[in-house]
Amino acid sequence: MTGTVPPDEALAAIAAVLDPPLTIVTAAADGQRAGCLVGFHSQSSIVPGRYSVWLSKANHTYQVAVLSSHLAIHFLTAADMELAERFGTLTGDRADKFAGLAVTAGPGGVPLLDQCASWLAVRRTAILDDGGDHACLAAEPVAASWAEDFRPLLTSDAAHLEPGHDSAERPGVGGAGRTRAGG
Ligand SMILES: Cc1cc2nc3c(=O)[nH]c(=O)nc-3n(C[C@H](O)[C@H](O)[C@H](O)COP(=O)(O)O)c2cc1C
């Protein structure tokens with residue numbers, strides 16, 4: 001693709017080449033735990049340190065995350081494909097994704113997945129909903145763990161996964177479908 005192209009087409013092509021590492025973002029509020037596979041995430045300030053994630057408004061995780069003070073961002077490795085499948089294809093609307101997993105309560109009670117050696121626990125500072133199908137949750141890191149030999153699981157490694165929610169869905173409108181979608 002060269003020259004002037006429709007912006008949506010160009011964006012899809014650029015996103016495919018960027019191939020971001022995959023994370024699992026977890027949250028807890030009102031006695032509920034939630035988490036989903038997330039490819040939309042980035043450091044968003046150096047001083048002070050900030051990290052942002054973008055959650056689909058269709059997801060159960062978003063519903064819980066907007067009520068929670070803290071989030072945890074788990075950086076997946078090439079060995080975490082099963083975990084990626086569990087958190088990226090099931091929905092907390094219908095399944096307990098944490099069943100059988102070792103979990104530790106982190107800052108603000110956020111669930112930390114013991115299997116993941118590299119994670120950031122963050123305190124939410126802002127939410128930006130600009131009308132897109134994902135909302136930005138900005139946050140400040142408050143605790144972290146990092147494995148030296150970290151090798152990321154990439155979005156292209158998970159191209160075969162069918163997301164538990166289509167990003168076009170809205171809770172209460174059409175229910176928790178399981179159709180093809182991006183984040
Ligand atoms: C490769 C891949 C990347 C994804 N990236 C995101 C993302 O950046 N943000 C998001 O909210 N959902 C993303 N999803 C979708 C959710 O992980 C998926 O719909 C999940 O089943 C939602 O679970 P929940 O309803 O329990 O929150 C992605 C899914 C896949 C397969």
# chains A, B, ... in the order shown; residues from 1 in each chain; ligands from 1
>>> residues_around(residues="range 135-151 of chain A", least_positions_apart="3", cutoff="6 Å", atoms="only C-alpha atoms", output="number ranges by chain")
A: 50-55, 77, 117-129
>>> residues_near_ligand(ligand="ligand 1", cutoff="6 Å", atoms="only C-alpha atoms and all ligand atoms", output="list in words")
Gly35, Cys36, Leu37, Val38, Gly39, Phe40, Trp54, Leu55, Ser56, Asn59, His60, Thr61, Phe87, Gly88, Thr89, Leu90, Thr91, Gly92, Asp93, Thr155, Ala158, Ala159, Leu161, Glu162, Pro163, Gly164, His165 and Gly183 of chain A
>>> write_last_selection(atoms="C-alpha atoms", output="tab-separated table (two decimals), in the first residue's frame")
chain	number	residue	atom	x	y	z
A	35	GLY	CA	-9.67	-9.70	33.05
A	36	CYS	CA	-9.18	-9.79	29.31
A	37	LEU	CA	-6.48	-10.09	26.67
A	38	VAL	CA	-5.31	-6.63	25.59
A	39	GLY	CA	-3.15	-5.54	22.67
A	40	PHE	CA	-3.95	-1.83	23.00
A	54	TRP	CA	-7.63	0.76	25.97
A	55	LEU	CA	-10.57	-1.46	26.87
A	56	SER	CA	-13.48	-2.35	24.65
A	59	ASN	CA	-16.16	-6.26	27.53
A	60	HIS	CA	-17.04	-7.44	31.02
A	61	THR	CA	-13.56	-6.28	32.04
A	87	PHE	CA	-8.68	-14.43	28.73
A	88	GLY	CA	-9.15	-13.48	25.07
A	89	THR	CA	-11.90	-15.87	23.96
A	90	LEU	CA	-14.04	-16.38	27.08
A	91	THR	CA	-16.12	-13.61	28.61
A	92	GLY	CA	-16.57	-12.95	32.31
A	93	ASP	CA	-20.25	-12.42	31.48
A	155	THR	CA	-0.55	-10.12	18.55
A	158	ALA	CA	-2.76	-14.96	18.60
A	159	ALA	CA	-4.29	-14.19	15.20
A	161	LEU	CA	-8.19	-16.41	18.61
A	162	GLU	CA	-11.85	-15.35	18.39
A	163	PRO	CA	-12.50	-12.56	20.94
A	164	GLY	CA	-15.19	-13.31	23.54
A	165	HIS	CA	-16.92	-10.05	22.61
A	183	GLY	CA	-9.95	-5.87	20.36
>>> closest_residue(among="A:Ala13, A:Thr104, A:Pro111, A:Lys57", to="Ala27 in chain A", atoms="only C-alpha atoms")
A:Pro111
>>> atom_distance(atom1="CA of Ser68 in chain A", atom2="CA of Ala105 in chain A")
13.4 Å
>>> select_by_dssp(residues="chain A", states="helix (DSSP H, G or I)", output="VMD selection string")
chain A and resid 7 to 18 60 to 65 78 to 89 107 to 109 155 to 158
>>> write_last_selection(atoms="N, CA and C atoms", output="CSV table (one decimal), in the first residue's frame")
chain,number,residue,atom,x,y,z
A,7,PRO,N,-8.1,6.5,5.3
A,7,PRO,CA,-7.4,6.4,6.6
A,7,PRO,C,-7.7,5.1,7.4
A,8,ASP,N,-8.9,4.6,7.3
A,8,ASP,CA,-9.2,3.4,8.0
A,8,ASP,C,-8.4,2.2,7.5
A,9,GLU,N,-8.2,2.2,6.1
A,9,GLU,CA,-7.4,1.1,5.5
A,9,GLU,C,-6.0,1.2,5.9
A,10,ALA,N,-5.5,2.5,5.9
A,10,ALA,CA,-4.1,2.7,6.3
A,10,ALA,C,-3.9,2.3,7.7
A,11,LEU,N,-4.8,2.7,8.6
A,11,LEU,CA,-4.7,2.4,10.0
A,11,LEU,C,-4.6,0.9,10.3
A,12,ALA,N,-5.5,0.1,9.6
A,12,ALA,CA,-5.5,-1.3,9.7
A,12,ALA,C,-4.1,-1.9,9.3
A,13,ALA,N,-3.6,-1.4,8.2
A,13,ALA,CA,-2.3,-1.9,7.6
A,13,ALA,C,-1.2,-1.5,8.6
A,14,ILE,N,-1.2,-0.3,9.1
A,14,ILE,CA,-0.1,0.1,10.1
A,14,ILE,C,-0.2,-0.8,11.3
A,15,ALA,N,-1.4,-1.0,11.8
A,15,ALA,CA,-1.6,-1.7,13.1
A,15,ALA,C,-1.1,-3.2,12.9
A,16,ALA,N,-1.3,-3.7,11.7
A,16,ALA,CA,-0.9,-5.1,11.5
A,16,ALA,C,0.6,-5.2,11.5
A,17,VAL,N,1.3,-4.2,11.0
A,17,VAL,CA,2.8,-4.2,11.0
A,17,VAL,C,3.3,-4.0,12.4
A,18,LEU,N,2.7,-3.1,13.2
A,18,LEU,CA,3.2,-2.8,14.5
A,18,LEU,C,3.2,-4.0,15.4
A,60,HIS,N,-16.8,-7.3,29.6
A,60,HIS,CA,-17.0,-7.4,31.0
A,60,HIS,C,-15.9,-6.7,31.8
A,61,THR,N,-14.7,-6.9,31.3
A,61,THR,CA,-13.6,-6.3,32.0
A,61,THR,C,-13.7,-4.8,32.1
A,62,TYR,N,-14.2,-4.1,31.1
A,62,TYR,CA,-14.4,-2.7,31.1
A,62,TYR,C,-15.4,-2.3,32.2
A,63,GLN,N,-16.5,-3.1,32.3
A,63,GLN,CA,-17.5,-2.8,33.3
A,63,GLN,C,-17.0,-2.8,34.7
A,64,VAL,N,-16.1,-3.7,34.9
A,64,VAL,CA,-15.5,-3.8,36.3
A,64,VAL,C,-14.4,-2.8,36.4
A,65,ALA,N,-13.6,-2.6,35.4
A,65,ALA,CA,-12.4,-1.7,35.5
A,65,ALA,C,-12.8,-0.2,35.8
A,78,ALA,N,5.9,-16.0,25.3
A,78,ALA,CA,5.6,-17.0,24.3
A,78,ALA,C,5.0,-18.3,25.0
A,79,ALA,N,5.3,-18.5,26.3
A,79,ALA,CA,4.8,-19.7,27.0
A,79,ALA,C,3.3,-19.5,27.5
A,80,ASP,N,2.7,-18.4,27.3
A,80,ASP,CA,1.4,-18.1,27.9
A,80,ASP,C,0.2,-18.2,27.0
A,81,MET,N,0.4,-18.9,25.9
A,81,MET,CA,-0.7,-19.0,24.9
A,81,MET,C,-2.0,-19.5,25.5
A,82,GLU,N,-1.9,-20.5,26.4
A,82,GLU,CA,-3.2,-21.0,27.0
A,82,GLU,C,-3.9,-19.9,27.8
A,83,LEU,N,-3.1,-19.1,28.5
A,83,LEU,CA,-3.7,-18.0,29.3
A,83,LEU,C,-4.3,-17.0,28.4
A,84,ALA,N,-3.6,-16.7,27.2
A,84,ALA,CA,-4.1,-15.7,26.3
A,84,ALA,C,-5.4,-16.2,25.7
A,85,GLU,N,-5.5,-17.5,25.4
A,85,GLU,CA,-6.8,-18.1,24.9
A,85,GLU,C,-7.9,-17.9,25.9
A,86,ARG,N,-7.6,-18.3,27.1
A,86,ARG,CA,-8.6,-18.2,28.2
A,86,ARG,C,-9.2,-16.8,28.3
A,87,PHE,N,-8.2,-15.8,28.4
A,87,PHE,CA,-8.7,-14.4,28.7
A,87,PHE,C,-9.1,-13.7,27.5
A,88,GLY,N,-8.8,-14.2,26.3
A,88,GLY,CA,-9.2,-13.5,25.1
A,88,GLY,C,-10.4,-14.0,24.4
A,89,THR,N,-10.8,-15.3,24.7
A,89,THR,CA,-11.9,-15.9,24.0
A,89,THR,C,-13.1,-16.1,24.9
A,107,PRO,N,-2.2,-4.4,44.9
A,107,PRO,CA,-2.7,-3.1,45.4
A,107,PRO,C,-4.1,-2.9,45.1
A,108,GLY,N,-4.9,-2.5,46.1
A,108,GLY,CA,-6.3,-2.2,45.8
A,108,GLY,C,-7.1,-3.5,45.6
A,109,GLY,N,-6.5,-4.6,45.9
A,109,GLY,CA,-7.2,-5.9,45.7
A,109,GLY,C,-7.2,-6.4,44.2
A,155,THR,N,0.8,-10.1,19.1
A,155,THR,CA,-0.6,-10.1,18.5
A,155,THR,C,-0.6,-11.1,17.4
A,156,SER,N,0.4,-11.1,16.5
A,156,SER,CA,0.4,-12.0,15.4
A,156,SER,C,0.4,-13.5,15.8
A,157,ASP,N,0.9,-13.8,17.0
A,157,ASP,CA,0.9,-15.2,17.6
A,157,ASP,C,-0.5,-15.6,17.9
A,158,ALA,N,-1.4,-14.7,18.1
A,158,ALA,CA,-2.8,-15.0,18.6
A,158,ALA,C,-3.8,-14.7,17.5
>>> atom_distance(atom1="CA of Leu153 in chain A", atom2="CA of Leu22 in chain A")
5.7 Å
>>> atom_distance(atom1="CA of Ser42 in chain A", atom2="CA of Pro21 in chain A")
10.0 Å
>>> select_by_dssp(residues="chain A", states="strand (DSSP E or B)", output="MDAnalysis selection string")
chainID A and resid 21 23:29 32:38 41:45 50:56 70:75 77 103:105 111:113 119:128 134:145 152 154 170 173
>>> residues_around(residues="Val110 in chain A", least_positions_apart="6", cutoff="8 Å", atoms="only C-alpha atoms", output="ChimeraX atom specification")
/A:26-28,70-72,121
>>> write_last_selection(atoms="all heavy atoms", output="compact mmCIF listing (two decimals), in the first residue's frame")
# COMPACT_ATOMS: atom_id res chain seq x y z
N THR A 26 -6.26 -7.05 34.36
CA THR A 26 -7.23 -7.51 35.34
C THR A 26 -7.71 -6.35 36.21
O THR A 26 -7.03 -5.32 36.34
CB THR A 26 -6.65 -8.61 36.26
OG1 THR A 26 -5.47 -8.10 36.89
CG2 THR A 26 -6.31 -9.87 35.48
N ALA A 27 -8.88 -6.55 36.82
CA ALA A 27 -9.47 -5.54 37.70
C ALA A 27 -10.38 -6.26 38.68
O ALA A 27 -10.79 -7.41 38.43
CB ALA A 27 -10.28 -4.53 36.88
N ALA A 28 -10.71 -5.58 39.78
CA ALA A 28 -11.67 -6.14 40.74
C ALA A 28 -12.46 -5.00 41.36
O ALA A 28 -11.89 -3.95 41.68
CB ALA A 28 -10.96 -6.94 41.82
N HIS A 70 -7.69 0.17 40.91
CA HIS A 70 -6.41 -0.32 40.39
C HIS A 70 -6.63 -1.32 39.25
O HIS A 70 -7.69 -1.97 39.17
CB HIS A 70 -5.62 -1.02 41.50
CG HIS A 70 -5.12 -0.07 42.55
ND1 HIS A 70 -5.95 0.51 43.49
CD2 HIS A 70 -3.87 0.41 42.80
CE1 HIS A 70 -5.25 1.31 44.27
NE2 HIS A 70 -3.98 1.26 43.88
N LEU A 71 -5.61 -1.46 38.42
CA LEU A 71 -5.58 -2.48 37.36
C LEU A 71 -4.24 -3.18 37.45
O LEU A 71 -3.28 -2.63 38.00
CB LEU A 71 -5.68 -1.84 35.97
CG LEU A 71 -6.85 -0.89 35.69
CD1 LEU A 71 -6.64 -0.21 34.33
CD2 LEU A 71 -8.16 -1.67 35.71
N ALA A 72 -4.17 -4.38 36.90
CA ALA A 72 -2.87 -5.03 36.73
C ALA A 72 -2.70 -5.37 35.25
O ALA A 72 -3.64 -5.84 34.59
CB ALA A 72 -2.75 -6.29 37.59
N ALA A 121 1.28 -3.18 38.41
CA ALA A 121 0.02 -2.84 39.09
C ALA A 121 -0.09 -1.31 39.05
O ALA A 121 0.89 -0.61 39.33
CB ALA A 121 0.03 -3.33 40.53
>>> closest_residue(among="A:Thr4, A:Val66, A:Phe98, A:Gly131", to="Arg33 in chain A", atoms="only C-alpha atoms")
A:Phe98
